[in-house]
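**Q** What follows is run_23.cif; its format and atoms are mmCIF, C-alpha atoms.
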```cif
data_entry
loop_
_atom_site.group_PDB
_atom_site.id
_atom_site.type_symbol
_atom_site.label_atom_id
_atom_site.label_comp_id
_atom_site.auth_asym_id
_atom_site.auth_seq_id
_atom_site.Cartn_x
_atom_site.Cartn_y
_atom_site.Cartn_z
ATOM 1 C CA MET A 85 -25.595 110.193 55.070
ATOM 2 C CA GLU A 86 -28.157 108.329 53.354
ATOM 3 C CA ILE A 87 -27.869 104.606 52.900
ATOM 4 C CA LYS A 88 -28.453 105.013 49.310
ATOM 5 C CA SER A 89 -25.491 107.311 48.936
ATOM 6 C CA ILE A 90 -23.336 105.001 51.035
ATOM 7 C CA SER A 91 -24.194 102.022 48.918
ATOM 8 C CA GLN A 92 -23.509 104.087 45.884
ATOM 9 C CA LYS A 93 -20.120 105.005 47.185
ATOM 10 C CA ILE A 94 -19.231 101.500 48.149
ATOM 11 C CA PHE A 95 -20.540 99.671 45.129
ATOM 12 C CA LYS A 96 -20.187 102.574 42.858
ATOM 13 C CA THR A 97 -23.433 101.870 41.415
ATOM 14 C CA SER A 98 -23.948 105.298 40.194
ATOM 15 C CA PRO A 99 -26.595 105.250 37.642
ATOM 16 C CA LYS A 100 -25.124 105.165 34.270
ATOM 17 C CA THR A 101 -25.913 107.940 32.086
ATOM 18 C CA ILE A 102 -27.283 106.289 29.121
ATOM 19 C CA GLU A 103 -27.374 108.332 26.090
ATOM 20 C CA SER A 104 -30.376 107.493 24.241
ATOM 21 C CA ASN A 105 -29.846 108.510 20.741
ATOM 22 C CA SER A 106 -33.193 108.903 19.330
ATOM 23 C CA ASN A 107 -31.637 109.340 15.894
ATOM 24 C CA HIS A 108 -31.023 105.613 15.563
ATOM 25 C CA THR A 109 -33.440 104.186 13.270
ATOM 26 C CA ASN A 110 -34.384 100.638 13.217
ATOM 27 C CA PRO A 111 -36.498 98.772 10.800
ATOM 28 C CA PHE A 112 -38.998 97.931 13.379
ATOM 29 C CA GLY A 113 -39.738 101.557 14.082
ATOM 30 C CA VAL A 114 -39.328 100.993 17.749
ATOM 31 C CA SER A 115 -37.501 103.501 19.864
ATOM 32 C CA PHE A 116 -35.769 102.259 22.810
ATOM 33 C CA LYS A 117 -33.377 103.400 25.299
ATOM 34 C CA GLY A 118 -30.150 101.672 25.362
ATOM 35 C CA ASN A 119 -26.776 101.430 23.744
ATOM 36 C CA MET A 120 -27.034 101.024 20.076
ATOM 37 C CA ILE A 121 -23.913 99.482 18.762
ATOM 38 C CA SER A 122 -23.365 100.617 15.251
ATOM 39 C CA ALA A 123 -21.131 98.388 13.273
ATOM 40 C CA ASP A 124 -20.469 99.552 9.772
ATOM 41 C CA VAL A 125 -19.292 96.753 7.555
ATOM 42 C CA PHE A 126 -17.728 99.021 5.052
ATOM 43 C CA ASP A 127 -15.455 100.837 7.361
ATOM 44 C CA SER A 128 -13.808 103.641 5.463
ATOM 45 C CA SER A 129 -11.424 104.672 8.170
ATOM 46 C CA ALA A 130 -7.661 104.697 7.548
ATOM 47 C CA GLU A 131 -7.294 101.750 9.767
ATOM 48 C CA SER A 132 -9.618 99.745 7.572
ATOM 49 C CA LYS A 133 -7.630 100.811 4.466
ATOM 50 C CA VAL A 134 -4.539 99.255 5.889
ATOM 51 C CA SER A 135 -6.429 96.154 6.705
ATOM 52 C CA PHE A 136 -7.839 96.120 3.137
ATOM 53 C CA GLY A 137 -4.324 96.156 1.682
ATOM 54 C CA ALA A 138 -3.340 93.473 4.083
ATOM 55 C CA ASN A 139 -6.348 91.508 2.912
ATOM 56 C CA ILE A 140 -5.238 91.791 -0.696
ATOM 57 C CA ALA A 141 -1.732 90.782 0.213
ATOM 58 C CA ALA A 142 -3.150 87.949 2.198
ATOM 59 C CA LYS A 143 -5.339 86.982 -0.727
ATOM 60 C CA VAL A 144 -2.337 87.113 -3.069
ATOM 61 C CA THR A 145 -0.291 85.095 -0.641
ATOM 62 C CA ASN A 146 -3.099 82.644 -0.293
ATOM 63 C CA LYS A 147 -3.466 82.485 -4.020
ATOM 64 C CA SER A 148 0.287 81.966 -4.504
ATOM 65 C CA LYS A 149 0.160 79.332 -1.825
ATOM 66 C CA MET A 150 -2.617 77.626 -3.709
ATOM 67 C CA VAL A 151 -0.671 77.856 -6.943
ATOM 68 C CA ALA A 152 2.443 76.598 -5.248
ATOM 69 C CA SER A 153 0.585 73.713 -3.722
ATOM 70 C CA ALA A 154 -0.979 72.939 -7.109
ATOM 71 C CA ILE A 155 2.472 72.908 -8.691
ATOM 72 C CA VAL A 156 3.879 70.717 -5.990
ATOM 73 C CA GLY A 157 0.866 68.485 -6.314
ATOM 74 C CA SER A 158 1.325 68.211 -10.067
ATOM 75 C CA ILE A 159 5.039 67.494 -9.629
ATOM 76 C CA ASN A 160 4.147 64.735 -7.256
ATOM 77 C CA ASP A 161 1.613 63.421 -9.708
ATOM 78 C CA MET A 162 4.212 63.607 -12.477
ATOM 79 C CA ASN A 163 6.690 61.702 -10.364
ATOM 80 C CA GLN A 164 4.093 59.087 -9.679
ATOM 81 C CA ALA A 165 3.185 58.867 -13.352
ATOM 82 C CA ILE A 166 6.824 58.561 -14.365
ATOM 83 C CA SER A 167 7.589 55.906 -11.805
ATOM 84 C CA LYS A 168 4.415 54.065 -12.761
ATOM 85 C CA ARG A 169 5.656 53.887 -16.322
ATOM 86 C CA LEU A 170 9.271 53.141 -15.526
ATOM 87 C CA ASP A 171 8.607 50.430 -12.987
ATOM 88 C CA PRO A 172 7.461 47.802 -15.488
ATOM 89 C CA ILE A 173 10.484 48.562 -17.679
ATOM 90 C CA VAL A 174 12.830 48.283 -14.743
ATOM 91 C CA ASN A 175 11.176 45.046 -13.680
ATOM 92 C CA PHE A 176 11.468 43.688 -17.196
ATOM 93 C CA GLY A 177 15.156 44.578 -17.246
ATOM 94 C CA LYS A 178 15.628 42.843 -13.918
ATOM 95 C CA ARG A 179 13.869 39.731 -15.229
ATOM 96 C CA ILE A 180 16.065 39.675 -18.320
ATOM 97 C CA GLY A 181 19.110 40.062 -16.173
ATOM 98 C CA GLU A 182 17.996 37.225 -13.943
ATOM 99 C CA SER A 183 17.273 34.963 -16.920
ATOM 100 C CA ALA A 184 20.654 35.761 -18.434
ATOM 101 C CA SER A 185 22.492 34.997 -15.227
ATOM 102 C CA LYS A 186 20.464 31.786 -14.782
ATOM 103 C CA ALA A 187 21.297 30.738 -18.339
ATOM 104 C CA TRP A 188 24.961 31.528 -17.792
ATOM 105 C CA ASN A 189 25.065 29.515 -14.584
ATOM 106 C CA TYR A 190 23.296 26.650 -16.294
ATOM 107 C CA LEU A 191 25.763 26.643 -19.164
ATOM 108 C CA ASN A 192 28.691 26.809 -16.810
ATOM 109 C CA ASN A 193 27.412 23.914 -14.787
ATOM 110 C CA THR A 194 26.140 21.723 -17.589
ATOM 111 C CA ASN A 195 28.309 19.146 -19.277
ATOM 112 C CA LEU A 196 27.609 18.733 -22.970
ATOM 113 C CA SER A 197 29.000 15.894 -24.989
ATOM 114 C CA PHE A 198 28.917 15.437 -28.738
ATOM 115 C CA LYS A 199 29.609 12.666 -31.116
ATOM 116 C CA LEU A 200 32.118 14.951 -32.694
ATOM 117 C CA ASP A 201 32.639 13.236 -36.011
ATOM 118 C CA ALA A 202 28.991 13.122 -36.980
ATOM 119 C CA SER A 203 28.498 16.720 -35.888
ATOM 120 C CA LEU A 204 31.482 17.925 -37.846
ATOM 121 C CA ASP A 205 30.235 16.098 -40.904
ATOM 122 C CA LEU A 206 26.834 17.710 -40.549
ATOM 123 C CA VAL A 207 28.363 21.132 -39.990
ATOM 124 C CA ALA A 208 30.593 20.712 -43.002
ATOM 125 C CA ARG A 209 27.656 19.702 -45.171
ATOM 126 C CA LYS A 210 25.484 22.544 -43.992
ATOM 127 C CA THR A 211 28.324 25.054 -44.402
ATOM 128 C CA LYS A 212 28.863 23.794 -47.897
ATOM 129 C CA ASP A 213 25.171 24.326 -48.557
ATOM 130 C CA LEU A 214 25.319 27.881 -47.269
ATOM 131 C CA PHE A 215 28.185 28.880 -49.458
ATOM 132 C CA ARG A 216 27.063 26.945 -52.419
ATOM 133 C CA VAL A 217 26.812 29.138 -55.415
ATOM 134 C CA GLY A 218 23.486 27.633 -56.227
ATOM 135 C CA ASN A 219 21.253 28.832 -53.473
ATOM 136 C CA ASP A 220 19.501 30.821 -56.141
ATOM 137 C CA TYR A 221 17.401 28.530 -58.372
ATOM 138 C CA SER A 222 16.197 31.116 -60.845
ATOM 139 C CA LYS A 223 16.773 30.199 -64.482
ATOM 140 C CA SER A 224 18.651 33.411 -65.221
ATOM 141 C CA HIS A 225 21.082 32.746 -62.385
ATOM 142 C CA LEU A 226 21.518 29.063 -63.244
ATOM 143 C CA LYS A 227 22.398 29.853 -66.837
ATOM 144 C CA LYS A 228 25.377 31.838 -65.585
ATOM 145 C CA LEU A 229 26.758 28.929 -63.551
ATOM 146 C CA ASP A 230 29.112 26.267 -64.842
ATOM 147 C CA PRO A 231 27.045 23.121 -65.601
ATOM 148 C CA GLU A 232 29.615 20.601 -64.330
ATOM 149 C CA LEU A 233 31.122 22.622 -61.482
ATOM 150 C CA HIS A 234 27.937 23.992 -59.958
ATOM 151 C CA ILE A 235 24.662 22.899 -61.537
ATOM 152 C CA GLU A 236 25.329 19.163 -61.578
ATOM 153 C CA ALA A 237 25.555 18.914 -57.780
ATOM 154 C CA MET A 238 22.377 20.931 -57.325
ATOM 155 C CA PHE A 239 20.610 18.836 -59.943
ATOM 156 C CA ARG A 240 21.800 15.595 -58.373
ATOM 157 C CA GLU A 241 20.708 16.575 -54.884
ATOM 158 C CA LEU A 242 17.189 17.362 -56.034
ATOM 159 C CA ALA A 243 16.844 14.476 -58.495
ATOM 160 C CA TYR A 244 18.183 11.867 -56.051
ATOM 161 C CA PRO A 245 17.058 12.964 -52.567
ATOM 162 C CA LYS A 246 18.698 11.245 -49.611
ATOM 163 C CA VAL A 247 17.429 10.797 -46.063
ATOM 164 C CA LEU A 248 19.919 12.551 -43.785
ATOM 165 C CA GLU A 249 20.527 11.154 -40.361
ATOM 166 C CA ALA A 250 21.924 13.614 -37.911
ATOM 167 C CA THR A 251 23.233 12.437 -34.607
ATOM 168 C CA VAL A 252 24.151 14.857 -31.901
ATOM 169 C CA MET B 73 10.403 27.738 -54.327
ATOM 170 C CA ASN B 74 9.441 24.050 -54.157
ATOM 171 C CA ASN B 75 11.679 21.228 -55.401
ATOM 172 C CA ASP B 76 9.662 20.560 -58.561
ATOM 173 C CA LYS B 77 10.028 24.150 -59.644
ATOM 174 C CA LYS B 78 13.749 24.099 -58.874
ATOM 175 C CA LEU B 79 14.219 20.945 -60.931
ATOM 176 C CA LYS B 80 12.279 22.434 -63.823
ATOM 177 C CA ASN B 81 14.413 25.572 -63.738
ATOM 178 C CA ILE B 82 17.635 23.562 -63.621
ATOM 179 C CA ILE B 83 16.660 21.407 -66.601
ATOM 180 C CA GLU B 84 15.494 24.395 -68.649
ATOM 181 C CA ALA B 85 18.616 26.351 -67.762
ATOM 182 C CA LEU B 86 20.774 23.427 -68.883
ATOM 183 C CA ALA B 87 18.744 23.183 -72.122
ATOM 184 C CA GLU B 88 19.442 26.844 -72.896
ATOM 185 C CA HIS B 89 23.004 26.861 -71.554
ATOM 186 C CA GLU B 90 25.710 27.982 -73.919
ATOM 187 C CA ASN B 91 28.237 25.591 -72.437
ATOM 188 C CA ASP B 92 28.106 22.177 -74.187
ATOM 189 C CA SER B 93 28.982 20.411 -70.938
ATOM 190 C CA ALA B 94 25.314 20.923 -70.005
ATOM 191 C CA ILE B 95 24.457 17.971 -72.287
ATOM 192 C CA GLY B 96 26.669 15.666 -70.242
ATOM 193 C CA VAL B 97 25.001 16.865 -67.020
ATOM 194 C CA LEU B 98 21.521 16.252 -68.463
ATOM 195 C CA GLU B 99 22.530 12.791 -69.593
ATOM 196 C CA ARG B 100 24.314 11.755 -66.367
ATOM 197 C CA VAL B 101 21.758 13.101 -63.922
ATOM 198 C CA GLY B 102 18.444 13.726 -65.688
ATOM 199 C CA THR B 103 18.025 10.662 -67.921
ATOM 200 C CA ASN B 104 18.861 8.265 -65.030
ATOM 201 C CA CYS B 105 16.477 9.853 -62.518
ATOM 202 C CA PRO B 106 13.872 7.495 -61.026
ATOM 203 C CA ASN B 107 11.272 10.256 -61.436
ATOM 204 C CA ASP B 108 9.349 9.964 -64.742
ATOM 205 C CA GLU B 109 8.660 13.662 -64.929
ATOM 206 C CA VAL B 110 12.328 14.547 -64.533
ATOM 207 C CA ARG B 111 13.245 12.101 -67.293
ATOM 208 C CA ARG B 112 10.504 13.501 -69.518
ATOM 209 C CA LEU B 113 11.705 17.075 -69.034
ATOM 210 C CA THR B 114 15.330 16.056 -69.536
ATOM 211 C CA ALA B 115 14.530 14.304 -72.819
ATOM 212 C CA LYS B 116 12.589 17.367 -73.983
ATOM 213 C CA ALA B 117 15.554 19.588 -73.076
ATOM 214 C CA LEU B 118 17.980 17.377 -75.000
ATOM 215 C CA VAL B 119 15.737 17.364 -78.088
ATOM 216 C CA ASN B 120 15.428 21.149 -78.001
ATOM 217 C CA LYS B 121 19.214 21.455 -77.853
ATOM 218 C CA ASN B 122 19.084 20.002 -81.393
ATOM 219 C CA THR B 123 22.754 19.119 -81.583
ATOM 220 C CA PRO B 124 23.999 15.706 -82.790
ATOM 221 C CA GLU B 125 25.418 14.934 -79.328
ATOM 222 C CA ALA B 126 22.168 15.745 -77.530
ATOM 223 C CA LEU B 127 19.908 13.963 -80.068
ATOM 224 C CA ASN B 128 22.163 10.908 -79.927
ATOM 225 C CA VAL B 129 21.313 10.503 -76.244
ATOM 226 C CA VAL B 130 17.537 10.478 -76.740
ATOM 227 C CA ILE B 131 17.539 8.373 -79.954
ATOM 228 C CA SER B 132 20.246 5.720 -79.578
ATOM 229 C CA TYR B 133 20.753 5.206 -75.825
ATOM 230 C CA THR B 134 18.989 2.150 -74.384
ATOM 231 C CA GLY B 135 16.309 3.089 -71.849
ATOM 232 C CA LYS B 136 16.493 6.810 -72.600
ATOM 233 C CA GLY B 137 14.466 9.231 -74.690
ATOM 234 C CA ILE B 138 12.420 7.379 -77.334
ATOM 235 C CA ASN B 139 13.626 4.092 -75.789
ATOM 236 C CA ASP B 140 12.525 4.974 -72.230
ATOM 237 C CA LEU B 141 10.730 2.206 -70.356
ATOM 238 C CA SER B 142 7.925 4.618 -69.483
ATOM 239 C CA THR B 143 5.541 4.930 -72.441
ATOM 240 C CA ASN B 144 4.680 8.442 -71.317
ATOM 241 C CA VAL B 145 8.320 9.561 -71.489
ATOM 242 C CA ALA B 146 8.967 7.810 -74.809
ATOM 243 C CA MET B 147 5.867 9.273 -76.508
ATOM 244 C CA SER B 148 6.636 12.716 -75.165
ATOM 245 C CA THR B 149 10.174 12.549 -76.621
ATOM 246 C CA ILE B 150 8.858 11.448 -80.012
ATOM 247 C CA ASN B 151 6.405 14.373 -80.014
ATOM 248 C CA GLU B 152 9.227 16.788 -79.272
ATOM 249 C CA ILE B 153 11.299 15.396 -82.173
ATOM 250 C CA LEU B 154 8.304 15.728 -84.489
ATOM 251 C CA ALA B 155 7.812 19.338 -83.353
ATOM 252 C CA LEU B 156 11.378 20.387 -84.249
ATOM 253 C CA LYS B 157 11.577 23.119 -86.849
ATOM 254 C CA ASP B 158 14.956 21.934 -88.102
ATOM 255 C CA LYS B 159 14.776 18.146 -88.341
ATOM 256 C CA GLU B 160 18.039 17.629 -90.209
ATOM 257 C CA ASN B 161 20.116 16.522 -87.236
ATOM 258 C CA ALA B 162 17.312 14.308 -85.913
ATOM 259 C CA MET B 163 16.897 12.581 -89.316
ATOM 260 C CA LYS B 164 20.620 11.952 -89.547
ATOM 261 C CA ILE B 165 20.876 10.345 -86.099
ATOM 262 C CA LEU B 166 17.722 8.272 -86.658
ATOM 263 C CA SER B 167 19.172 6.943 -89.907
ATOM 264 C CA GLU B 168 22.504 6.086 -88.292
ATOM 265 C CA THR B 169 20.781 4.318 -85.382
ATOM 266 C CA GLU B 170 18.486 2.362 -87.710
ATOM 267 C CA GLU B 171 21.453 1.119 -89.714
ATOM 268 C CA THR B 172 24.217 0.549 -87.181
ATOM 269 C CA HIS B 173 22.836 0.003 -83.711
ATOM 270 C CA GLU B 174 23.540 -3.321 -82.037
ATOM 271 C CA ASN B 175 20.199 -3.479 -80.207
ATOM 272 C CA GLU B 176 17.279 -4.535 -82.386
ATOM 273 C CA THR B 177 14.638 -2.843 -80.248
ATOM 274 C CA VAL B 178 16.481 0.464 -80.453
ATOM 275 C CA LYS B 179 16.812 -0.014 -84.235
ATOM 276 C CA GLU B 180 13.104 -0.724 -84.589
ATOM 277 C CA THR B 181 12.100 2.323 -82.567
ATOM 278 C CA ALA B 182 14.394 4.580 -84.589
ATOM 279 C CA ARG B 183 12.881 3.223 -87.816
ATOM 280 C CA SER B 184 9.355 3.981 -86.577
ATOM 281 C CA VAL B 185 10.194 7.538 -85.529
ATOM 282 C CA LYS B 186 11.966 8.180 -88.821
ATOM 283 C CA ALA B 187 8.827 7.062 -90.678
ATOM 284 C CA LEU B 188 6.736 9.431 -88.589
ATOM 285 C CA LEU B 189 9.149 12.288 -89.383
ATOM 286 C CA ASN B 190 8.783 11.592 -93.067
ATOM 287 C CA PHE B 191 5.007 11.815 -92.766
ATOM 288 C CA ALA B 192 5.166 15.036 -90.713
#
```
Go ahead and express the file in the form of structure tokens.

**A**
Amino acid sequence: MEIKSISQKIFKTSPKTIESNSNHTNPFGVSFKGNMISADVFDSSAESKVSFGANIAAKVTNKSKMVASAIVGSINDMNQAISKRLDPIVNFGKRIGESASKAWNYLNNTNLSFKLDASLDLVARKTKDLFRVGNDYSKSHLKKLDPELHIEAMFRELAYPKVLEATV
Amino acid sequence: MNNDKKLKNIIEALAEHENDSAIGVLERVGTNCPNDEVRRLTAKALVNKNTPEALNVVISYTGKGINDLSTNVAMSTINEILALKDKENAMKILSETEETHENETVKETARSVKALLNFA
């Protein structure tokens, strides 16, 4: 038994039969012995067809995911835009509400006193002014009024102005 | 509308008013007003009314119309009387005042205006 054969049996280092395919071409024009791994990018086998469909599906899914994320993103943006616009209005409403409640509390807690007689007199005079027929001083209107009942008072007030003292 | 404009409109409206009580309002309020302009406009309105009652106020009342203490108001009233188209009523009142009035100054003024009317 040769040592060589023993070592071969033990370590199984039988020489590999290397198929040297001299048909492999390479751009360098160099022939060599060895395993040439041929990897064809455009694999036309059935297996690759399945994977191609899966790729499309994956692409579609990816695309729909992108679209979905864009929609969600835009919804979020919309929500942000809406809240950005509504917040000042809400704050304004809150401020108005606060002012109103402050004013109400102030009125409830404040004591007001009038010199009633003078105020009533002033109110009566001003009310009389409001309802006076002669608020309109156009000639056409005045000519329709009764001279003694209506025009005389208006005339007198303008011709003899008084200084009004109002006390509250 | 300012007060001057309102006053002007009131006086003119009273001058053109159909109701004769307007004369009383002009006499009670307008001719006694401390404002010269108001008195001038009131006298003008009364002259333009051209009724015996209205002309009587501006011709025979002491301190009013042609007898107003303001020369401006008095001269303005005389001019308005002279500008009347129908002077019949004015001539009649002037004559009555010249003959019967108790105040000499008023009589004298009426005589002068009557003379002017005759020349006009």

**Q** For the atom pair CA of Ala154 (chain A) and CA of Asn139 (chain A), what is the interatomic distance in Å to one decimal place?

**A**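 Calculated distance between CA of Ala154 (chain A) and CA of Asn139 (chain A) is 21.8 Å.
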
**Q** Quick one: which residues from chain B are at most 7 Å off chain A, using only C-alpha atoms, as a ChimeraX atom specification?

**A** /B:75,78-79,81-82,85-86,89,93-94,97,101,105

**Q** For CA of Ala126 (chain B) and CA of Lys164 (chain B), quote the distance in Å rounded to one decimal.

**A** 12.7 Å

**Q** For Val130 (chain B), work out the shell of residues within 8 Å, counting only C-alpha atoms and skipping chain neighbours fewer than 5 positions away, then give it as a list in words.

**A**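 Here the answer would be Ala115, Leu118, Val119, Lys136, Gly137, Ile138, Asn139 and Thr149 of chain B.
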
**Q** Would you kindly return, as a list in words, each protein, DNA or RNA residue with an atom no farther than 12 Å from any atom of His173 (chain B), considering only C-alpha atoms and excluding same-chain residues fewer than 3 positions away?

**A**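 Non-adjacent residues within range: Asn128, Ile131, Ser132, Tyr133, Thr134, Ile165, Leu166, Ser167, Glu168, Thr169, Glu170, Glu176, Thr177, Val178, Lys179, Glu180, Thr181, Ala182 and Arg183 of chain B.
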
**Q** List the spatial neighbours of Gly102 (chain B) as a ChimeraX atom specification - criterion: any atom at most 6 Å away, all atoms listed in the file, same-chain residues fewer than 4 positions off excluded.

**A** /B:98,111,114

**Q** Residues picked by the PyMOL selection byres ((chain B and resi 188) around 12) here, as a list in words?

**A**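 Applying the PyMOL selection byres ((chain B and resi 188) around 12) to the structure shown produces Ile150, Asn151, Ile153, Leu154, Ala155, Lys159, Ala162, Met163, Leu166, Thr181, Ala182, Arg183, Ser184, Val185, Lys186, Ala187, Leu189, Asn190, Phe191 and Ala192 of chain B.
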
**Q** Just the number, please: distance in Å from CA of Pro245 (chain A) to CA of Pro106 (chain B), one decimal.

**A**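 Interatomic distance, CA of Pro245 (chain A) to CA of Pro106 (chain B): 10.6 Å.
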
**Q** Near Asn161 (chain B), counting all atoms listed in the file, which residues have an atom at most 7 Å away, once you skip same-chain residues fewer than 6 positions from it, shown as a list in words?

**A**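 Contacts, in chain order: Asn122, Thr123 and Pro124 of chain B.
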
**Q** Pick from B:Glu160, B:Glu171, B:Asp140, B:Arg112: nearest to Leu127 (chain B), with only C-alpha atoms counted?

**A**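 Closest candidate: B:Glu160.
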